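**Student:** One structure, as structure tokens, below. Some questions next.
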Amino acid sequence: MGSKLFGTDGVRGVANVYPMTAEFALKLGMAAGQLICTKTGRVAIARDTRISGEMLEAALSAGFNAAGVTVLKLGIIPTPAATMLTPSLNVDMTVMVTASHNPYQDNGIKLINAEGDKFSDEDTAKIEAVITANEFNLNPAKIGVSESITDAVAGYVDKVLEAAEGDAPLKGLRVVLDCANGVFSKILPEVFKSLGAGVIILGNEPNGKNINLDCGSQHTEKMIETVKNAHAQLGIAVDGDGDRIIVCDELGNRLDGDQIIAFLVKCLKESDKLKGSAAAATIVSNPGLDRFLESIGVKCVRSAVGERYVIEEMRKHGSNIGGEESGHMVLADYGKSGDALAAALVLSQGLLKSGKKMSELFPLFTPMFRKRVDSKFSTKEAMSAAFEQPEFQKAIKQAETDIVGKGKVLVRKSGTEPKIQVWVWSDNVELAESANAAMVAVLEKSAGFDSKKTV
């Protein structure tokens, strides 16, 4: 059974436009209440700083209450706090209302199970089926209530601070912190100050409409400019719900997620904290990461795109570190999911321990040249037909044959848009470009082809 609305990280869209409507949230609450909340009869709801969060929280609460479920309102807290706190709350599930790095007009709903992990595809499909069929079994004699939990974030901060080594491990650090006008607007600066860092703060005045607006992990221009002007040692930018981190060095050079993964692994290994002798990354991380990790005696294991798949791969190999090129970093010793604060603490301490400037440490490895082209189609059906056509499959196999031992080919259908992504990595630039071009040329002749974009 497949889910049409829920992706790898919940459901997302423009607030007040289906499915991000109060009506849908109400029905989701009723459906999840009757399907999932059968043991404790309790659910927790948290949200980020965007203006539509209160509306969706209220609708979800009403839906759960109608299903006889008690709602614990956690207020505005980071997604990693929601996942980490869930097992201690005696609830059947937690709902995180957030659209992560998207602009304020959007919102989303992430479903977290009682253990603090993201819902499986099977569970979200069951919930969606009940909503679609409008099959709600409401009992007039069983109506739930809601209560607010004050200072829910305190327990989360205490756990993450286990990553701090000593009383003032960040003493002497001068850092620019871009909080994205999101959930970390107060928490991130307070933690860094408490550990001895000198901080320059950006994006810490949320008003409901400025979350991720020209700031945060997706818009690092101001952070980079501030780092250079303030002679800071580094800049750290997070996204609106706090599960993504992007970093720049003292010269303003932006480091991608693969470089951050590499450094975090190196830090853990050098401090004898790495578990499983492995680190997880997704299929879209640069092959240069594999080469670097292998050079320091660590195996790089790969997962499908999506944080929950990274976590699954980490657990298979007993690893406590994994991440995505996009900036999600999972440090399992300090949390259950991607956590910008935990990653920032480990990275900053590693920098200070090195006694070097960031620009002297990075890049840790030279990435393979990457050629990526996204081919867009008029409909998902046209995209699928183009992907399955024999000519395209033959082109993929030929590219893989040409690149074997010299790089990597990846072709995938987007999970959110009607487009096919064609990636080729190689140290041989000409080979990567020609292999990519040969595959894309077939797609351009396919029915429903709309346009292409080099990324």
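Letters A, B, ... go to the chains of the structure tokens in the order shown; residues in each chain start at 1; ligands are counted from 1 in the same order.
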Mind checking which residues fall within 8 Å of segment 97-110 of chain A, counting only C-alpha atoms, ignoring those fewer than 4 positions away in the same chain, and posting them as number ranges by chain?
**Tutor:** A: 9-15, 20, 45-48, 50-53, 56-57, 118, 208-213, 217-218, 239-243
**Student:** How would you write, as a ChimeraX atom specification, the set of residues in segment 69-226 of chain A that DSSP gives as helix (DSSP H, G or I)?
**Tutor:** /A:79-88,121-133,153-163,187-194,221-226
**Student:** Please produce an output containing C-alpha atoms for each residue in the selection, written as a PDB file, in the first residue's frame.
**Tutor:**
```
ATOM      1  CA  THR A  79      12.766  18.599  15.496  1.00  0.00           C
ATOM      2  CA  PRO A  80      15.753  16.806  17.087  1.00  0.00           C
ATOM      3  CA  ALA A  81      14.310  17.726  20.495  1.00  0.00           C
ATOM      4  CA  ALA A  82      10.962  16.198  19.525  1.00  0.00           C
ATOM      5  CA  THR A  83      12.539  12.928  18.368  1.00  0.00           C
ATOM      6  CA  MET A  84      14.849  12.712  21.379  1.00  0.00           C
ATOM      7  CA  LEU A  85      12.190  13.519  23.991  1.00  0.00           C
ATOM      8  CA  THR A  86       9.449  11.263  22.607  1.00  0.00           C
ATOM      9  CA  PRO A  87      10.518   7.987  24.299  1.00  0.00           C
ATOM     10  CA  SER A  88      10.469   9.706  27.706  1.00  0.00           C
ATOM     11  CA  ASP A 121       5.777   4.173   4.756  1.00  0.00           C
ATOM     12  CA  GLU A 122       3.337   1.443   5.772  1.00  0.00           C
ATOM     13  CA  ASP A 123       2.024   3.372   8.781  1.00  0.00           C
ATOM     14  CA  THR A 124       1.610   6.641   6.896  1.00  0.00           C
ATOM     15  CA  ALA A 125      -0.180   4.793   4.085  1.00  0.00           C
ATOM     16  CA  LYS A 126      -2.651   3.327   6.602  1.00  0.00           C
ATOM     17  CA  ILE A 127      -3.349   6.772   8.039  1.00  0.00           C
ATOM     18  CA  GLU A 128      -3.827   8.232   4.586  1.00  0.00           C
ATOM     19  CA  ALA A 129      -6.220   5.424   3.644  1.00  0.00           C
ATOM     20  CA  VAL A 130      -8.460   6.232   6.624  1.00  0.00           C
ATOM     21  CA  ILE A 131      -8.423   9.939   5.744  1.00  0.00           C
ATOM     22  CA  THR A 132      -9.255   9.229   2.097  1.00  0.00           C
ATOM     23  CA  ALA A 133     -12.084   6.869   3.014  1.00  0.00           C
ATOM     24  CA  VAL A 153      13.367  21.679  25.547  1.00  0.00           C
ATOM     25  CA  ALA A 154      15.423  21.574  28.776  1.00  0.00           C
ATOM     26  CA  GLY A 155      15.849  17.808  28.766  1.00  0.00           C
ATOM     27  CA  TYR A 156      16.965  17.915  25.156  1.00  0.00           C
ATOM     28  CA  VAL A 157      19.661  20.522  25.826  1.00  0.00           C
ATOM     29  CA  ASP A 158      20.970  18.506  28.771  1.00  0.00           C
ATOM     30  CA  LYS A 159      21.363  15.464  26.525  1.00  0.00           C
ATOM     31  CA  VAL A 160      23.139  17.341  23.743  1.00  0.00           C
ATOM     32  CA  LEU A 161      25.495  18.942  26.258  1.00  0.00           C
ATOM     33  CA  GLU A 162      26.914  15.462  26.832  1.00  0.00           C
ATOM     34  CA  ALA A 163      28.874  16.223  23.668  1.00  0.00           C
ATOM     35  CA  ILE A 187      18.818  27.832  22.205  1.00  0.00           C
ATOM     36  CA  LEU A 188      21.834  27.874  19.870  1.00  0.00           C
ATOM     37  CA  PRO A 189      23.349  31.186  21.088  1.00  0.00           C
ATOM     38  CA  GLU A 190      22.647  30.358  24.736  1.00  0.00           C
ATOM     39  CA  VAL A 191      24.384  26.978  24.514  1.00  0.00           C
ATOM     40  CA  PHE A 192      27.428  28.370  22.730  1.00  0.00           C
ATOM     41  CA  LYS A 193      27.730  31.243  25.209  1.00  0.00           C
ATOM     42  CA  SER A 194      27.395  28.868  28.156  1.00  0.00           C
ATOM     43  CA  GLU A 221      25.320  34.925   2.055  1.00  0.00           C
ATOM     44  CA  LYS A 222      24.863  37.131   5.120  1.00  0.00           C
ATOM     45  CA  MET A 223      26.571  34.626   7.394  1.00  0.00           C
ATOM     46  CA  ILE A 224      29.575  34.449   5.074  1.00  0.00           C
ATOM     47  CA  GLU A 225      29.819  38.243   4.823  1.00  0.00           C
ATOM     48  CA  THR A 226      29.547  38.601   8.609  1.00  0.00           C
TER      49      THR A 226
END
```
**Student:** Kindly indicate which residue among A:Lys406, A:Lys186, A:Lys336, A:Arg370 lies nearest to Asn286 of chain A, using only C-alpha atoms for the distances.
**Tutor:**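 Smallest separation from Asn286 of chain A among the options: A:Arg370.
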**Student:** With distances taken over only C-alpha atoms, which of A:Lys452, A:Lys353, A:Lys266, A:His219 is nearest to Ser378 of chain A?
**Tutor:**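 Ranking A:Lys452, A:Lys353, A:Lys266, A:His219 by distance to Ser378 of chain A, first place goes to A:Lys452.
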**Student:** Looking at A:Asp178, A:Glu205, A:Glu54, A:Asp374, which one is nearest to Asp450 of chain A, with distances taken over only C-alpha atoms?
**Tutor:**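 The answer is A:Asp374, which sits nearest to Asp450 of chain A.
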**Student:** If we count only C-alpha atoms and set the cut-off at 6 Å, which residues sit around segment 379-392 of chain A, ignoring sequence neighbours fewer than 2 positions away in its own chain? Please answer as a list in words.
**Tutor:** Phe377, Lys394, Ala395, Pro418, Val442, Ser446 and Gly448 of chain A
**Student:** Now that the selection is made, can you save its residues with C-alpha atoms as a PDB file, in the first residue's frame?
**Tutor:**
```
ATOM      1  CA  PHE A 377       8.365  16.107 -17.532  1.00  0.00           C
ATOM      2  CA  LYS A 394      20.288   0.858 -22.415  1.00  0.00           C
ATOM      3  CA  ALA A 395      21.906   4.305 -22.148  1.00  0.00           C
ATOM      4  CA  PRO A 418       7.987  14.838 -12.203  1.00  0.00           C
ATOM      5  CA  VAL A 442      17.470  10.023 -24.746  1.00  0.00           C
ATOM      6  CA  SER A 446      10.824  11.243 -24.758  1.00  0.00           C
ATOM      7  CA  GLY A 448       6.225  14.660 -22.157  1.00  0.00           C
TER       8      GLY A 448
END
```
**Student:** With distances taken over only C-alpha atoms, which of A:Thr282, A:Gln421, A:Asn65, A:Thr38 is nearest to Ala304 of chain A?
**Tutor:** A:Thr282
**Student:** Near Ile149 of chain A, within 7 Å and counting only C-alpha atoms, which residues show up once chain neighbours fewer than 5 positions away are dropped, as a VMD selection string?
**Tutor:** chain A and resid 72 to 74
**Student:** Take the residues just selected and output them with C-alpha atoms as a compact mmCIF listing (two decimals), in the first residue's frame.
**Tutor:**
```txt
# COMPACT_ATOMS: atom_id res chain seq x y z
CA LEU A 72 0.73 17.15 25.19
CA LYS A 73 1.60 20.50 23.59
CA LEU A 74 5.38 20.89 23.59
```
**Student:** Rank A:Met368, A:Leu289, A:Leu347, A:Val440 by their smallest atom-to-atom distance to Ala164 of chain A, using only C-alpha atoms, and report the top residue only.
**Tutor:**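 Of the candidates, the smallest distance to Ala164 of chain A is held by A:Leu347.
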**Student:** What lies within 9 Å of Ile396 of chain A using only C-alpha atoms, ignoring chain neighbours under 6 positions off, as a PyMOL selection string?
**Tutor:** chain A and resi 409-411+435+438-439
**Student:** Write the selection just made, keeping N, CA, C and O atoms, as a PDB file, in the first residue's frame?
**Tutor:**
```pdb
ATOM      1  N   VAL A 409      27.734   6.310 -11.549  1.00  0.00           N
ATOM      2  CA  VAL A 409      26.524   6.782 -12.226  1.00  0.00           C
ATOM      3  C   VAL A 409      25.329   6.560 -11.301  1.00  0.00           C
ATOM      4  O   VAL A 409      25.214   5.515 -10.671  1.00  0.00           O
ATOM      5  N   LEU A 410      24.477   7.562 -11.219  1.00  0.00           N
ATOM      6  CA  LEU A 410      23.244   7.431 -10.447  1.00  0.00           C
ATOM      7  C   LEU A 410      22.108   8.080 -11.223  1.00  0.00           C
ATOM      8  O   LEU A 410      22.202   9.249 -11.612  1.00  0.00           O
ATOM      9  N   VAL A 411      21.043   7.327 -11.447  1.00  0.00           N
ATOM     10  CA  VAL A 411      19.849   7.849 -12.109  1.00  0.00           C
ATOM     11  C   VAL A 411      18.664   7.561 -11.210  1.00  0.00           C
ATOM     12  O   VAL A 411      18.458   6.416 -10.792  1.00  0.00           O
ATOM     13  N   ALA A 435      29.162  11.001 -20.583  1.00  0.00           N
ATOM     14  CA  ALA A 435      28.267   9.937 -20.113  1.00  0.00           C
ATOM     15  C   ALA A 435      26.921  10.511 -19.713  1.00  0.00           C
ATOM     16  O   ALA A 435      25.863   9.937 -20.011  1.00  0.00           O
ATOM     17  N   ALA A 438      24.881  11.629 -22.872  1.00  0.00           N
ATOM     18  CA  ALA A 438      24.310  10.532 -23.645  1.00  0.00           C
ATOM     19  C   ALA A 438      22.994  10.064 -23.051  1.00  0.00           C
ATOM     20  O   ALA A 438      22.038   9.759 -23.782  1.00  0.00           O
ATOM     21  N   MET A 439      22.909  10.004 -21.731  1.00  0.00           N
ATOM     22  CA  MET A 439      21.663   9.587 -21.085  1.00  0.00           C
ATOM     23  C   MET A 439      20.582  10.651 -21.219  1.00  0.00           C
ATOM     24  O   MET A 439      19.416  10.354 -21.520  1.00  0.00           O
TER      25      MET A 439
END
```
**Student:** Between A:Gly276, A:Gly297, A:Gly172, A:Gly327, which has the minimum distance to Glu313 of chain A (counting only C-alpha atoms)?
**Tutor:**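 For Glu313 of chain A, the nearest of the candidates is A:Gly276.
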**Student:** For a test of reading the model, state the distance in Å between atom CA of Asn134 of chain A and atom CA of Ser61 of chain A, rounded to one decimal.
**Tutor:**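 Atom-to-atom, atom CA of Asn134 of chain A to atom CA of Ser61 of chain A, that is 18.0 Å.
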**Student:** Mind pulling up the distance from atom CA of Val305 of chain A to atom CA of Ile420 of chain A?
**Tutor:**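 One can read the atom CA of Ile420 of chain A to atom CA of Val305 of chain A distance as 14.4 Å.
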**Student:** Between atom CA of Ala342 of chain A and atom CA of Arg308 of chain A, what is the distance in Å, rounded to a tenth?
**Tutor:** 17.5 Å
**Student:** Do a neighbour search on His231 of chain A at 7 Å with only C-alpha atoms, toss out local chain neighbours closer than 3 positions, and write the hits as a PyMOL selection string.
**Tutor:** chain A and resi 227-228+250
**Student:** I'd like the contact shell of Thr40 of chain A - 8 Å cut-off, only C-alpha atoms, skipping same-chain residues fewer than 5 positions apart - returned as a list of chain:residue names.
**Tutor:**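 Selected residues are A:Asn90, A:Val91, A:Asp92.
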**Student:** If DSSP is run on the backbone, what residues of segment 178-313 of chain A are strand (DSSP E or B)? A reply as a PDB file with N, CA, C and O atoms, in the first residue's frame would be ideal.
**Tutor:**
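Resulting contents of result_0.pdb:
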```
ATOM      1  N   ASP A 178      23.887  31.683  12.592  1.00  0.00           N
ATOM      2  CA  ASP A 178      22.675  32.079  11.871  1.00  0.00           C
ATOM      3  C   ASP A 178      21.572  31.101  12.238  1.00  0.00           C
ATOM      4  O   ASP A 178      21.587  29.936  11.841  1.00  0.00           O
ATOM      5  N   GLY A 198      32.489  33.159  22.028  1.00  0.00           N
ATOM      6  CA  GLY A 198      32.055  34.508  21.689  1.00  0.00           C
ATOM      7  C   GLY A 198      31.196  34.412  20.445  1.00  0.00           C
ATOM      8  O   GLY A 198      31.647  33.856  19.428  1.00  0.00           O
ATOM      9  N   VAL A 199      29.958  34.882  20.508  1.00  0.00           N
ATOM     10  CA  VAL A 199      29.027  34.657  19.401  1.00  0.00           C
ATOM     11  C   VAL A 199      28.530  35.958  18.783  1.00  0.00           C
ATOM     12  O   VAL A 199      28.335  36.957  19.464  1.00  0.00           O
ATOM     13  N   ILE A 200      28.348  35.915  17.488  1.00  0.00           N
ATOM     14  CA  ILE A 200      27.695  36.969  16.723  1.00  0.00           C
ATOM     15  C   ILE A 200      26.454  36.317  16.137  1.00  0.00           C
ATOM     16  O   ILE A 200      26.559  35.316  15.416  1.00  0.00           O
ATOM     17  N   ILE A 201      25.290  36.863  16.447  1.00  0.00           N
ATOM     18  CA  ILE A 201      24.039  36.163  16.157  1.00  0.00           C
ATOM     19  C   ILE A 201      23.285  36.801  14.998  1.00  0.00           C
ATOM     20  O   ILE A 201      23.093  38.022  14.960  1.00  0.00           O
ATOM     21  N   LEU A 202      22.829  35.978  14.085  1.00  0.00           N
ATOM     22  CA  LEU A 202      21.975  36.400  12.977  1.00  0.00           C
ATOM     23  C   LEU A 202      20.689  35.579  13.007  1.00  0.00           C
ATOM     24  O   LEU A 202      20.656  34.474  13.529  1.00  0.00           O
ATOM     25  N   LEU A 234      34.657  30.831  12.248  1.00  0.00           N
ATOM     26  CA  LEU A 234      33.762  30.052  11.394  1.00  0.00           C
ATOM     27  C   LEU A 234      32.343  30.607  11.497  1.00  0.00           C
ATOM     28  O   LEU A 234      32.038  31.402  12.394  1.00  0.00           O
ATOM     29  N   GLY A 235      31.506  30.153  10.582  1.00  0.00           N
ATOM     30  CA  GLY A 235      30.087  30.479  10.631  1.00  0.00           C
ATOM     31  C   GLY A 235      29.279  29.196  10.614  1.00  0.00           C
ATOM     32  O   GLY A 235      29.650  28.229   9.945  1.00  0.00           O
ATOM     33  N   ILE A 236      28.199  29.198  11.370  1.00  0.00           N
ATOM     34  CA  ILE A 236      27.312  28.031  11.448  1.00  0.00           C
ATOM     35  C   ILE A 236      25.889  28.492  11.152  1.00  0.00           C
ATOM     36  O   ILE A 236      25.375  29.394  11.813  1.00  0.00           O
ATOM     37  N   ALA A 237      25.269  27.885  10.159  1.00  0.00           N
ATOM     38  CA  ALA A 237      23.881  28.203   9.817  1.00  0.00           C
ATOM     39  C   ALA A 237      23.023  26.954   9.974  1.00  0.00           C
ATOM     40  O   ALA A 237      23.426  25.862   9.555  1.00  0.00           O
ATOM     41  N   VAL A 238      21.863  27.112  10.585  1.00  0.00           N
ATOM     42  CA  VAL A 238      20.921  26.005  10.739  1.00  0.00           C
ATOM     43  C   VAL A 238      19.668  26.318   9.932  1.00  0.00           C
ATOM     44  O   VAL A 238      19.532  27.414   9.382  1.00  0.00           O
ATOM     45  N   ILE A 245      22.531  21.633   9.095  1.00  0.00           N
ATOM     46  CA  ILE A 245      23.617  22.558   9.385  1.00  0.00           C
ATOM     47  C   ILE A 245      24.483  22.764   8.147  1.00  0.00           C
ATOM     48  O   ILE A 245      24.739  21.816   7.400  1.00  0.00           O
ATOM     49  N   ILE A 246      24.886  24.011   7.929  1.00  0.00           N
ATOM     50  CA  ILE A 246      25.856  24.349   6.895  1.00  0.00           C
ATOM     51  C   ILE A 246      26.909  25.251   7.550  1.00  0.00           C
ATOM     52  O   ILE A 246      26.593  26.077   8.405  1.00  0.00           O
ATOM     53  N   VAL A 247      28.161  25.112   7.135  1.00  0.00           N
ATOM     54  CA  VAL A 247      29.279  25.789   7.799  1.00  0.00           C
ATOM     55  C   VAL A 247      30.128  26.513   6.764  1.00  0.00           C
ATOM     56  O   VAL A 247      30.234  26.094   5.614  1.00  0.00           O
ATOM     57  N   CYS A 248      30.755  27.626   7.182  1.00  0.00           N
ATOM     58  CA  CYS A 248      31.768  28.271   6.353  1.00  0.00           C
ATOM     59  C   CYS A 248      33.021  28.500   7.187  1.00  0.00           C
ATOM     60  O   CYS A 248      32.949  28.620   8.419  1.00  0.00           O
ATOM     61  N   ASP A 249      34.174  28.566   6.521  1.00  0.00           N
ATOM     62  CA  ASP A 249      35.418  28.813   7.245  1.00  0.00           C
ATOM     63  C   ASP A 249      35.640  30.303   7.432  1.00  0.00           C
ATOM     64  O   ASP A 249      34.797  31.131   7.060  1.00  0.00           O
ATOM     65  N   ARG A 254      32.204  28.192   1.816  1.00  0.00           N
ATOM     66  CA  ARG A 254      31.096  27.353   2.272  1.00  0.00           C
ATOM     67  C   ARG A 254      31.469  25.885   2.145  1.00  0.00           C
ATOM     68  O   ARG A 254      31.953  25.443   1.103  1.00  0.00           O
ATOM     69  N   LEU A 255      31.269  25.131   3.215  1.00  0.00           N
ATOM     70  CA  LEU A 255      31.568  23.703   3.222  1.00  0.00           C
ATOM     71  C   LEU A 255      30.275  22.910   3.039  1.00  0.00           C
ATOM     72  O   LEU A 255      29.291  23.174   3.732  1.00  0.00           O
ATOM     73  N   ALA A 278      32.353   2.600  10.997  1.00  0.00           N
ATOM     74  CA  ALA A 278      31.616   2.917   9.770  1.00  0.00           C
ATOM     75  C   ALA A 278      30.857   4.222   9.934  1.00  0.00           C
ATOM     76  O   ALA A 278      30.555   4.649  11.048  1.00  0.00           O
ATOM     77  N   ALA A 279      30.590   4.860   8.812  1.00  0.00           N
ATOM     78  CA  ALA A 279      29.761   6.059   8.774  1.00  0.00           C
ATOM     79  C   ALA A 279      28.803   5.927   7.603  1.00  0.00           C
ATOM     80  O   ALA A 279      29.149   5.341   6.577  1.00  0.00           O
ATOM     81  N   ALA A 280      27.596   6.467   7.762  1.00  0.00           N
ATOM     82  CA  ALA A 280      26.578   6.340   6.722  1.00  0.00           C
ATOM     83  C   ALA A 280      26.408   7.646   5.959  1.00  0.00           C
ATOM     84  O   ALA A 280      26.421   8.725   6.539  1.00  0.00           O
ATOM     85  N   ALA A 281      26.263   7.520   4.657  1.00  0.00           N
ATOM     86  CA  ALA A 281      25.945   8.650   3.783  1.00  0.00           C
ATOM     87  C   ALA A 281      24.953   8.152   2.746  1.00  0.00           C
ATOM     88  O   ALA A 281      24.728   6.944   2.618  1.00  0.00           O
ATOM     89  N   THR A 282      24.346   9.056   2.000  1.00  0.00           N
ATOM     90  CA  THR A 282      23.359   8.623   1.011  1.00  0.00           C
ATOM     91  C   THR A 282      24.010   8.380  -0.348  1.00  0.00           C
ATOM     92  O   THR A 282      25.181   8.698  -0.571  1.00  0.00           O
ATOM     93  N   LYS A 299      34.753   2.669   7.100  1.00  0.00           N
ATOM     94  CA  LYS A 299      33.955   2.244   5.957  1.00  0.00           C
ATOM     95  C   LYS A 299      32.801   3.208   5.741  1.00  0.00           C
ATOM     96  O   LYS A 299      32.114   3.586   6.689  1.00  0.00           O
ATOM     97  N   CYS A 300      32.596   3.607   4.497  1.00  0.00           N
ATOM     98  CA  CYS A 300      31.459   4.464   4.159  1.00  0.00           C
ATOM     99  C   CYS A 300      30.340   3.580   3.617  1.00  0.00           C
ATOM    100  O   CYS A 300      30.492   2.935   2.576  1.00  0.00           O
ATOM    101  N   VAL A 301      29.218   3.525   4.341  1.00  0.00           N
ATOM    102  CA  VAL A 301      28.080   2.731   3.886  1.00  0.00           C
ATOM    103  C   VAL A 301      27.017   3.676   3.346  1.00  0.00           C
ATOM    104  O   VAL A 301      26.856   4.796   3.838  1.00  0.00           O
ATOM    105  N   ARG A 302      26.310   3.238   2.325  1.00  0.00           N
ATOM    106  CA  ARG A 302      25.381   4.116   1.613  1.00  0.00           C
ATOM    107  C   ARG A 302      23.922   3.709   1.834  1.00  0.00           C
ATOM    108  O   ARG A 302      23.595   2.534   1.940  1.00  0.00           O
ATOM    109  N   SER A 303      23.053   4.740   1.867  1.00  0.00           N
ATOM    110  CA  SER A 303      21.621   4.516   2.019  1.00  0.00           C
ATOM    111  C   SER A 303      20.879   5.257   0.921  1.00  0.00           C
ATOM    112  O   SER A 303      21.453   6.063   0.189  1.00  0.00           O
TER     113      SER A 303
END
```
